[in-house]
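What's in query_25.pdb: PDB, C-alpha atoms
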```pdb
ATOM      1  CA  MET A   1     116.970  35.994  90.921
ATOM      2  CA  THR A   2     116.629  34.751  94.473
ATOM      3  CA  HIS A   3     113.543  33.018  95.825
ATOM      4  CA  ASP A   4     114.179  34.273  99.358
ATOM      5  CA  PRO A   5     111.156  36.481 100.180
ATOM      6  CA  ALA A   6     113.153  39.195 101.963
ATOM      7  CA  LYS A   7     115.599  39.567  99.067
ATOM      8  CA  ALA A   8     112.817  39.269  96.515
ATOM      9  CA  ASN A   9     110.872  42.087  98.162
ATOM     10  CA  ALA A  10     113.941  44.312  98.009
ATOM     11  CA  GLU A  11     114.425  43.482  94.324
ATOM     12  CA  LEU A  12     110.759  44.024  93.453
ATOM     13  CA  ALA A  13     110.053  47.125  95.551
ATOM     14  CA  ASP A  14     109.775  49.394  92.514
ATOM     15  CA  ALA A  15     108.789  46.763  89.959
ATOM     16  CA  THR A  16     105.703  46.921  87.763
ATOM     17  CA  PRO A  17     103.051  44.192  88.044
ATOM     18  CA  GLN A  18     104.311  42.756  84.760
ATOM     19  CA  GLU A  19     107.871  42.590  86.118
ATOM     20  CA  ILE A  20     106.637  40.942  89.304
ATOM     21  CA  LEU A  21     104.696  38.394  87.258
ATOM     22  CA  HIS A  22     107.754  37.560  85.166
ATOM     23  CA  TRP A  23     109.729  37.094  88.396
ATOM     24  CA  ALA A  24     106.971  34.852  89.757
ATOM     25  CA  GLN A  25     106.875  32.742  86.615
ATOM     26  CA  SER A  26     110.645  32.242  86.788
ATOM     27  CA  ALA A  27     110.464  31.373  90.483
ATOM     28  CA  SER A  28     107.685  28.865  89.838
ATOM     29  CA  SER A  29     109.544  26.895  87.152
ATOM     30  CA  GLY A  30     106.218  26.866  85.298
ATOM     31  CA  ASN A  31     104.192  25.744  88.326
ATOM     32  CA  MET A  32     102.213  28.882  89.113
ATOM     33  CA  MET A  33      98.525  29.374  89.926
ATOM     34  CA  ILE A  34      96.220  32.305  90.603
ATOM     35  CA  SER A  35      93.282  32.378  92.998
ATOM     36  CA  THR A  36      90.135  34.393  92.422
ATOM     37  CA  ASN A  37      86.675  34.957  93.861
ATOM     38  CA  PHE A  38      85.447  37.266  91.065
ATOM     39  CA  ARG A  39      84.979  40.194  93.418
ATOM     40  CA  PRO A  40      85.240  43.727  91.952
ATOM     41  CA  TYR A  41      88.347  44.277  89.806
ATOM     42  CA  GLU A  42      89.381  40.596  89.905
ATOM     43  CA  ALA A  43      89.649  40.564  86.113
ATOM     44  CA  VAL A  44      92.640  42.911  86.316
ATOM     45  CA  LEU A  45      95.152  40.425  87.727
ATOM     46  CA  LEU A  46      93.567  37.591  85.754
ATOM     47  CA  HIS A  47      94.192  39.570  82.561
ATOM     48  CA  LEU A  48      97.743  40.493  83.589
ATOM     49  CA  ALA A  49      98.583  36.899  84.516
ATOM     50  CA  THR A  50      97.189  35.376  81.325
ATOM     51  CA  GLN A  51      99.349  37.737  79.285
ATOM     52  CA  ILE A  52     102.350  36.013  80.906
ATOM     53  CA  GLN A  53     100.943  32.466  81.032
ATOM     54  CA  PRO A  54      97.686  31.980  79.077
ATOM     55  CA  ASP A  55      96.916  28.565  80.575
ATOM     56  CA  ILE A  56      97.708  29.445  84.196
ATOM     57  CA  PRO A  57      95.530  27.379  86.571
ATOM     58  CA  VAL A  58      92.857  29.580  88.189
ATOM     59  CA  LEU A  59      91.661  28.300  91.572
ATOM     60  CA  TRP A  60      88.106  29.461  92.257
ATOM     61  CA  VAL A  61      86.476  28.510  95.547
ATOM     62  CA  ASP A  62      82.753  29.094  95.085
ATOM     63  CA  HIS A  63      81.327  29.162  98.602
ATOM     64  CA  GLY A  64      77.795  28.949  97.195
ATOM     65  CA  TYR A  65      76.536  32.328  98.386
ATOM     66  CA  ASN A  66      77.558  34.572  95.479
ATOM     67  CA  THR A  67      75.048  36.978  94.004
ATOM     68  CA  PRO A  68      73.583  36.354  90.516
ATOM     69  CA  HIS A  69      75.582  39.405  89.368
ATOM     70  CA  THR A  70      78.835  37.801  90.551
ATOM     71  CA  TYR A  71      78.081  34.497  88.831
ATOM     72  CA  ARG A  72      77.282  36.270  85.561
ATOM     73  CA  CYS A  73      80.445  38.388  85.816
ATOM     74  CA  ALA A  74      82.488  35.252  86.558
ATOM     75  CA  GLU A  75      81.178  33.482  83.478
ATOM     76  CA  GLU A  76      81.796  36.549  81.304
ATOM     77  CA  THR A  77      85.366  36.856  82.616
ATOM     78  CA  ILE A  78      86.073  33.152  82.134
ATOM     79  CA  ALA A  79      84.871  33.342  78.527
ATOM     80  CA  LYS A  80      86.619  36.613  77.664
ATOM     81  CA  LEU A  81      90.020  35.537  79.051
ATOM     82  CA  ASN A  82      89.649  31.827  78.225
ATOM     83  CA  LEU A  83      90.518  31.009  81.822
ATOM     84  CA  ASN A  84      91.762  27.600  82.912
ATOM     85  CA  VAL A  85      89.440  27.442  85.938
ATOM     86  CA  HIS A  86      89.687  24.781  88.623
ATOM     87  CA  LEU A  87      86.450  25.057  90.596
ATOM     88  CA  TYR A  88      86.284  23.907  94.205
ATOM     89  CA  ILE A  89      83.125  23.928  96.280
ATOM     90  CA  PRO A  90      82.204  22.975  99.857
ATOM     91  CA  ARG A  91      81.376  19.332 100.537
ATOM     92  CA  ARG A  92      77.695  20.188 101.019
ATOM     93  CA  THR A  93      75.491  22.756  99.320
ATOM     94  CA  ALA A  94      74.516  26.105 100.782
ATOM     95  CA  ALA A  95      70.878  24.928 100.880
ATOM     96  CA  HIS A  96      71.854  21.815 102.849
ATOM     97  CA  ARG A  97      73.877  23.797 105.345
ATOM     98  CA  ASP A  98      71.303  26.570 105.721
ATOM     99  CA  SER A  99      68.517  24.062 106.388
ATOM    100  CA  LEU A 100      70.478  22.670 109.329
ATOM    101  CA  TYR A 101      71.853  25.898 110.815
ATOM    102  CA  GLY A 102      69.356  28.551 109.779
ATOM    103  CA  GLY A 103      71.573  30.447 107.362
ATOM    104  CA  ILE A 104      74.892  32.261 107.613
ATOM    105  CA  PRO A 105      76.060  32.813 111.205
ATOM    106  CA  THR A 106      76.781  36.356 112.311
ATOM    107  CA  ILE A 107      80.312  37.498 113.076
ATOM    108  CA  GLU A 108      79.168  38.107 116.664
ATOM    109  CA  ASP A 109      78.991  34.314 117.061
ATOM    110  CA  GLU A 110      82.708  33.860 116.510
ATOM    111  CA  ALA A 111      82.878  30.087 116.921
ATOM    112  CA  ALA A 112      80.001  29.445 114.524
ATOM    113  CA  HIS A 113      81.299  31.917 111.969
ATOM    114  CA  ASN A 114      84.801  30.439 112.109
ATOM    115  CA  ALA A 115      83.333  26.976 111.518
ATOM    116  CA  PHE A 116      81.320  28.373 108.594
ATOM    117  CA  THR A 117      84.436  29.983 107.069
ATOM    118  CA  GLU A 118      86.369  26.743 107.450
ATOM    119  CA  GLU A 119      83.636  24.779 105.698
ATOM    120  CA  VAL A 120      82.806  27.049 102.786
ATOM    121  CA  LYS A 121      86.194  28.622 102.042
ATOM    122  CA  LEU A 122      89.278  27.318 103.833
ATOM    123  CA  GLU A 123      88.740  23.564 103.412
ATOM    124  CA  PRO A 124      87.901  23.787  99.684
ATOM    125  CA  PHE A 125      90.907  26.075  99.160
ATOM    126  CA  ARG A 126      93.279  23.652 100.879
ATOM    127  CA  ARG A 127      91.814  20.864  98.765
ATOM    128  CA  GLY A 128      92.530  22.891  95.642
ATOM    129  CA  LEU A 129      96.103  23.589  96.709
ATOM    130  CA  ALA A 130      96.664  19.904  97.438
ATOM    131  CA  THR A 131      95.570  19.044  93.903
ATOM    132  CA  LEU A 132      97.318  21.841  92.008
ATOM    133  CA  LYS A 133     100.491  21.798  94.135
ATOM    134  CA  PRO A 134     101.759  25.220  92.988
ATOM    135  CA  LYS A 135     105.196  26.583  93.769
ATOM    136  CA  VAL A 136     103.841  30.129  93.351
ATOM    137  CA  TRP A 137     100.368  31.420  94.272
ATOM    138  CA  LEU A 138      99.320  34.729  92.719
ATOM    139  CA  THR A 139      96.733  36.790  94.553
ATOM    140  CA  ALA A 140      95.077  40.156  93.855
ATOM    141  CA  LEU A 141      95.461  41.532  97.392
ATOM    142  CA  ARG A 142      95.958  45.299  97.625
ATOM    143  CA  ARG A 143      97.044  47.487 100.520
ATOM    144  CA  VAL A 144      94.001  49.766 100.256
ATOM    145  CA  GLN A 145      91.550  46.925 100.914
ATOM    146  CA  ASN A 146      91.904  46.643 104.690
ATOM    147  CA  PRO A 147      94.337  47.339 107.563
ATOM    148  CA  HIS A 148      95.749  43.785 107.573
ATOM    149  CA  ARG A 149      96.817  44.119 103.941
ATOM    150  CA  GLU A 150      98.476  47.517 104.429
ATOM    151  CA  THR A 151     101.513  45.826 105.969
ATOM    152  CA  MET A 152     101.807  42.885 103.578
ATOM    153  CA  ASN A 153     104.808  42.246 101.337
ATOM    154  CA  ILE A 154     104.773  41.543  97.615
ATOM    155  CA  VAL A 155     106.332  38.121  98.239
ATOM    156  CA  ALA A 156     105.770  35.876 101.261
ATOM    157  CA  ARG A 157     106.108  32.180 101.973
ATOM    158  CA  THR A 158     103.229  30.138 103.377
ATOM    159  CA  GLY A 159     103.697  27.513 106.049
ATOM    160  CA  ASP A 160     103.938  24.735 103.479
ATOM    161  CA  GLY A 161     106.526  26.545 101.381
ATOM    162  CA  ILE A 162     104.415  28.101  98.621
ATOM    163  CA  LEU A 163     105.559  31.543  97.468
ATOM    164  CA  LYS A 164     102.576  33.886  97.738
ATOM    165  CA  VAL A 165     102.968  36.820  95.340
ATOM    166  CA  CYS A 166     100.852  40.002  95.190
ATOM    167  CA  PRO A 167     101.705  41.743  91.871
ATOM    168  CA  ILE A 168      99.209  44.617  92.272
ATOM    169  CA  LEU A 169      99.655  45.158  96.012
ATOM    170  CA  ASP A 170     100.304  48.905  95.600
ATOM    171  CA  TRP A 171      97.621  49.665  93.024
ATOM    172  CA  THR A 172      94.815  52.028  93.971
ATOM    173  CA  ASP A 173      91.157  51.754  92.990
ATOM    174  CA  GLU A 174      91.874  54.410  90.356
ATOM    175  CA  ASP A 175      94.652  52.238  88.888
ATOM    176  CA  MET A 176      92.296  49.264  88.785
ATOM    177  CA  GLN A 177      89.489  51.223  87.177
ATOM    178  CA  ALA A 178      91.793  52.646  84.523
ATOM    179  CA  TYR A 179      93.147  49.180  83.641
ATOM    180  CA  THR A 180      89.626  47.734  83.558
ATOM    181  CA  GLU A 181      88.462  50.425  81.139
ATOM    182  CA  LYS A 182      91.599  50.246  78.969
ATOM    183  CA  HIS A 183      91.145  46.513  78.379
ATOM    184  CA  SER A 184      87.317  46.426  78.458
ATOM    185  CA  LEU A 185      87.298  43.902  81.279
ATOM    186  CA  PRO A 186      84.141  42.582  82.981
ATOM    187  CA  ASN A 187      83.498  44.056  86.407
ATOM    188  CA  GLU A 188      80.672  44.355  88.906
ATOM    189  CA  PHE A 189      80.221  45.734  92.404
ATOM    190  CA  ASN A 190      77.232  43.702  93.604
ATOM    191  CA  TYR A 191      79.504  41.309  95.470
ATOM    192  CA  TYR A 192      79.100  39.824  98.927
ATOM    193  CA  ASP A 193      81.478  37.529 100.777
ATOM    194  CA  PRO A 194      79.687  35.890 103.730
ATOM    195  CA  THR A 195      83.015  34.947 105.318
ATOM    196  CA  LYS A 196      84.055  38.621 105.474
ATOM    197  CA  VAL A 197      80.669  40.317 105.996
ATOM    198  CA  LEU A 198      82.277  43.747 106.387
ATOM    199  CA  GLU A 199      84.295  45.184 103.476
ATOM    200  CA  LYS A 200      87.357  46.023 105.608
ATOM    201  CA  ARG A 201      87.297  42.731 107.537
ATOM    202  CA  GLU A 202      89.739  39.960 106.559
ATOM    203  CA  CYS A 203      87.989  36.786 105.417
ATOM    204  CA  GLY A 204      90.349  34.305 107.062
ATOM    205  CA  LEU A 205      92.031  32.868 103.985
ATOM    206  CA  HIS A 206      94.895  35.364 104.043
ATOM    207  CA  LEU A 207      95.109  35.396 107.830
ATOM    208  CA  ASP A 208      95.527  31.628 107.718
ATOM    209  CA  SER A 209      97.759  31.369 104.640
ATOM    210  CA  ALA A 210     100.909  30.995 106.747
ATOM    211  CA  LYS A 211      99.394  27.745 108.054
ATOM    212  CA  LEU A 212      98.164  26.370 104.717
TER
END
```
Render the structure in this file as structure tokens.
Amino acid sequence: MTHDPAKANAELADATPQEILHWAQSASSGNMMISTNFRPYEAVLLHLATQIQPDIPVLWVDHGYNTPHTYRCAEETIAKLNLNVHLYIPRRTAAHRDSLYGGIPTIEDEAAHNAFTEEVKLEPFRRGLATLKPKVWLTALRRVQNPHRETMNIVARTGDGILKVCPILDWTDEDMQAYTEKHSLPNEFNYYDPTKVLEKRECGLHLDSAKL
């Protein structure tokens, strides 16, 4: 199989997530990782990926503002799937930052919010990539999540040459719910991402991935 994204997308247009994951594993030569934030339905791709590669590195950037529900769901998922988690956090705690700046900036203050996103999400993620050095990055992006993702491809290449693969890009919420129930996966909906704020807003990580 080719590793050219355009040709790969043509080959994988009608492929199942499992077929896409097998393609990704082959393309990675065993150097594949998956990112997660333990938002709703994140256990689906984590479960699918660990069926292909049980010890796949899982890059989790914990920005420090998750709800107690999200932390409990994360720990339950990690235990149930025996995940090989690589945890990356900002260089200062949420309490430290909040004491200096008065909490999370609003999206109306674009410069401040961009600086916040860089500190709590983008910089730790780049640090994780620099350590793990994957050839393939699996992500649980889906078209139904927001307008930016509607036009994404299954396979893309980031600015530093990593193949970014979205195995469940075309799955609906109904598909995700059915898979979650079939495999008794942990899930919770009390999730908040301070770098997105609004559900349909892009957080910045996937807008910036071409420059990573």
- Task: Give me the result of the PyMOL selection byres ((chain A and resi 43) around 8) on this file, residue by residue, as a PyMOL selection string.
- Result: chain A and resi 38+40-42+44-47+77+180+185-187
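Residues lying within 12 Å of Gln51 (chain A), counting all atoms listed in the file and ignoring same-chain neighbours fewer than 2 positions away, are Pro17, Gln18, Glu19, Leu21, His22, Gln25, Val44, Leu45, Leu46, His47, Leu48, Ala49, Gln53, Pro54, Asp55, Ile56, Leu81, Asn82 and Leu83 of chain A.
Taking CA of Lys196 (chain A) and CA of Gly161 (chain A) as endpoints, the distance between them is 25.8 Å.
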- Explicit residue set for the PyMOL selection byres ((chain A and resi 163-171) around 6), as an MDAnalysis selection string: chainID A and resid 17 20 136:143 154:157 162 172 175
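What separates CA of Val61 (chain A) from CA of Leu100 (chain A) is a distance of 21.9 Å.
CA of Lys135 (chain A) lies 5.2 Å from CA of Ser28 (chain A).
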Name the residues that the PyMOL selection byres ((chain A and resi 107) around 10) pulls out of this structure, and write them as a short mmCIF file (atom, residue, chain, number, x, y, z; two decimals) with C-alpha atoms, keeping the file's coordinate frame.
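File expr.cif, as written:
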```
data_model
loop_
_atom_site.label_atom_id
_atom_site.label_comp_id
_atom_site.auth_asym_id
_atom_site.auth_seq_id
_atom_site.Cartn_x
_atom_site.Cartn_y
_atom_site.Cartn_z
CA ILE A 104 74.89 32.26 107.61
CA PRO A 105 76.06 32.81 111.20
CA THR A 106 76.78 36.36 112.31
CA GLU A 108 79.17 38.11 116.66
CA ASP A 109 78.99 34.31 117.06
CA GLU A 110 82.71 33.86 116.51
CA ALA A 111 82.88 30.09 116.92
CA ALA A 112 80.00 29.44 114.52
CA HIS A 113 81.30 31.92 111.97
CA ASN A 114 84.80 30.44 112.11
CA PRO A 194 79.69 35.89 103.73
CA THR A 195 83.02 34.95 105.32
CA LYS A 196 84.06 38.62 105.47
CA VAL A 197 80.67 40.32 106.00
CA LEU A 198 82.28 43.75 106.39
#
```
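Proximity of A:Met32, A:Met176, A:Leu59, A:Val144 to Lys121 (chain A), computed with all atoms listed in the file, is greatest for A:Leu59.
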- Note on the structure: From the list A:Arg126, A:His183, A:Arg72, A:Arg149, the nearest residue to Ile89 (chain A) using only C-alpha atoms is A:Arg126
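Between Val58 (chain A) and the candidates A:Gly102, A:Gly128, A:Pro5, A:Gly30, the tightest atom-to-atom separation, counting only C-alpha atoms, involves A:Gly128.
Taking only C-alpha atoms into account, Asp160 (chain A) lies nearest to A:Ala130 out of the set A:Ile52, A:Ala13, A:Ala130, A:Ile34.
Minimum distance to Tyr88 (chain A) across A:Thr50, A:Thr131, A:Thr117, A:Gln145 (counting only C-alpha atoms) occurs at A:Thr131.
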- Spatial neighbours of Arg97 (chain A), max dist 12 Å, only C-alpha atoms, sep filter under 3 positions, as a PyMOL selection string: chain A and resi 63-65+90-94+100-105+115-116+119-120
Kindly provide, as AutoDock Vina command-line options, the centre and edge lengths (Å, one decimal) of an axis-aligned box around all atoms of region 138-153 of chain A given in the file, with 5 Å on each side.
```
--center_x 98.2 --center_y 42.2 --center_z 100.1 --size_x 23.3 --size_y 25.0 --size_z 24.9
```
- Note on the structure: Shortest contact to Met33 (chain A), candidates A:Asn9, A:Ile78, A:Arg127, A:Leu132, atoms counted all atoms listed in the file, goes to A:Leu132
